[in-house]
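First comes the structure, then the notes that go with it.
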Amino acid sequence: MLHLATLLAVIIYFYKDISEIFKGMIRCLFQKDKFNLQLKLILYIIIATIPTALIGFFSRDFFESIFLKPKIVGGMLLITGGILFSTKFFRREKKDLNRMKWMDSFYIGIVQGLAIIPGISRSGATISTGIFLGLNRELSGKFSFLISIPAILGATILEFYKLNSIKEGLNPTTAIGMLFAFGFGMLALRILMRWIKAGKLHNFSFYCWFIGIMTIIL
């Protein structure tokens, strides 16, 4: 339910990008615009979603069991910190959507699937991967959150099957949690996208290292 709230924050924050994607689809269908960047973007989102869905579906139970092993989670947080910090040294990010390849989206989709491992930041890992592949930082950030939409939506649908009713999932406690998740999700997106564009993604690594070390020690 909390992820559903942050998903809503992503949809609202990237509303213009999402609307442009649908406009591109309409132009392709009714105006005989056989190829446009928006169509390319949605195709790449689909390509990235495929490995994410396969990894999540077949490995979810195994990865979720790691939640019972705090030291492993702490270790994964340290790895996340290392991934984020390494973006500081990559200055090859020149690819825009025109130059992005389908294999770039496939690799990012694999990383998103592996980010189901507790302690691995989904957004941090996918944005960093985009930067490592040479995508410009703004595109890396946008693509990371756009591919999170089908991923989180699919995971939410799977989780709903565990509930006896919608009321069981949407109760006063979860409603309050969702409200705060949405609010802080919007705030976090504004801050994160600014930091990504400014090349300051590595600043989050210190937080991950601190929490990872404390998790292992305590």
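Here's how to read the names in the structure tokens: chain A, B, ... by the order shown, residue numbers from 1 in each chain, ligand numbers from 1 in the order shown.
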Can you list every residue of stretch 128-205 of chain A that has an atom at most 10 Å from stretch 59-82 of chain A, with its nearest atom pair and the distance in Å to one decimal, using only C-alpha atoms, ordered by chain then number, as a tab-separated table?
```
residue	atom	partner	partner_atom	distance
A:Ser128	CA	A:Thr80	CA	9.8
A:Ala155	CA	A:Arg60	CA	9.9
A:His202	CA	A:Gly81	CA	8.0
A:Asn203	CA	A:Gly81	CA	9.1
A:Phe204	CA	A:Gly81	CA	7.2
A:Ser205	CA	A:Gly81	CA	3.9
```
List as number ranges by chain the protein and nucleic acid residues near A:Phe14, meaning an atom at most 10 Å away when only C-alpha atoms are counted, but skip any in the same chain fewer than 4 places from it. A: 8-10, 18-19, 142, 145-146, 189
May I have the residues from that selection written out with C-alpha atoms, as a PDB file, in the first residue's frame?
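Final output, saved to part_24.pdb:
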```pdb
ATOM      1  CA  LEU A   8       0.996   7.827  -7.427  1.00  0.00           C
ATOM      2  CA  ALA A   9       3.663  10.401  -6.559  1.00  0.00           C
ATOM      3  CA  VAL A  10       5.799   9.209  -9.493  1.00  0.00           C
ATOM      4  CA  ILE A  18       3.697  10.190 -19.367  1.00  0.00           C
ATOM      5  CA  SER A  19       1.226  12.349 -21.313  1.00  0.00           C
ATOM      6  CA  LYS A 142      13.486   9.797 -15.665  1.00  0.00           C
ATOM      7  CA  PHE A 145      11.164   6.148 -12.382  1.00  0.00           C
ATOM      8  CA  LEU A 146       9.148   5.535 -15.552  1.00  0.00           C
ATOM      9  CA  LEU A 189      11.461  13.172  -6.130  1.00  0.00           C
TER      10      LEU A 189
END
```
Applying 8 Å and only C-alpha atoms, which residues near stretch 21-29 of chain A remain after dropping the ones on its own chain fewer than 6 positions away? List them as a PyMOL selection string. chain A and resi 35-39+41-42
For the alpha helix (DSSP H) assignment from backbone DSSP, which residues of stretch 62-92 of chain A qualify? Please present them as a PyMOL selection string. chain A and resi 62-65+70-86
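Our summary of the geometry notes that atom CA of A:Glu138 is positioned 21.7 Å from atom CA of A:Thr52.
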Which residues are close to A:Ile191, i.e. within 12 Å by only C-alpha atoms, leaving aside same-chain residues fewer than 3 positions away? Reply as a list in words. Tyr13, Gly141, Phe184, Gly185, Met186, Leu187, Ala188, Arg194, Trp195, Ile196, Lys197, Ala198, Lys200, Leu201, Asn203 and Phe204 of chain A
Any chance you could export the current selection's C-alpha atoms as a compact mmCIF listing (two decimals), in the first residue's frame?
```
# COMPACT_ATOMS: atom_id res chain seq x y z
CA TYR A 13 5.59 14.16 -10.83
CA GLY A 141 16.62 9.52 -13.54
CA PHE A 184 7.38 12.51 1.21
CA GLY A 185 7.54 10.72 -2.15
CA MET A 186 6.79 13.98 -3.95
CA LEU A 187 9.34 15.83 -1.82
CA ALA A 188 11.98 13.15 -2.35
CA ARG A 194 17.76 18.11 -8.71
CA TRP A 195 20.68 16.18 -7.24
CA ILE A 196 20.83 13.84 -10.24
CA LYS A 197 20.96 16.76 -12.70
CA ALA A 198 23.65 18.41 -10.56
CA LYS A 200 25.33 14.78 -6.73
CA LEU A 201 23.79 11.31 -6.63
CA ASN A 203 25.90 12.08 -1.72
CA PHE A 204 23.34 9.39 -0.86
```
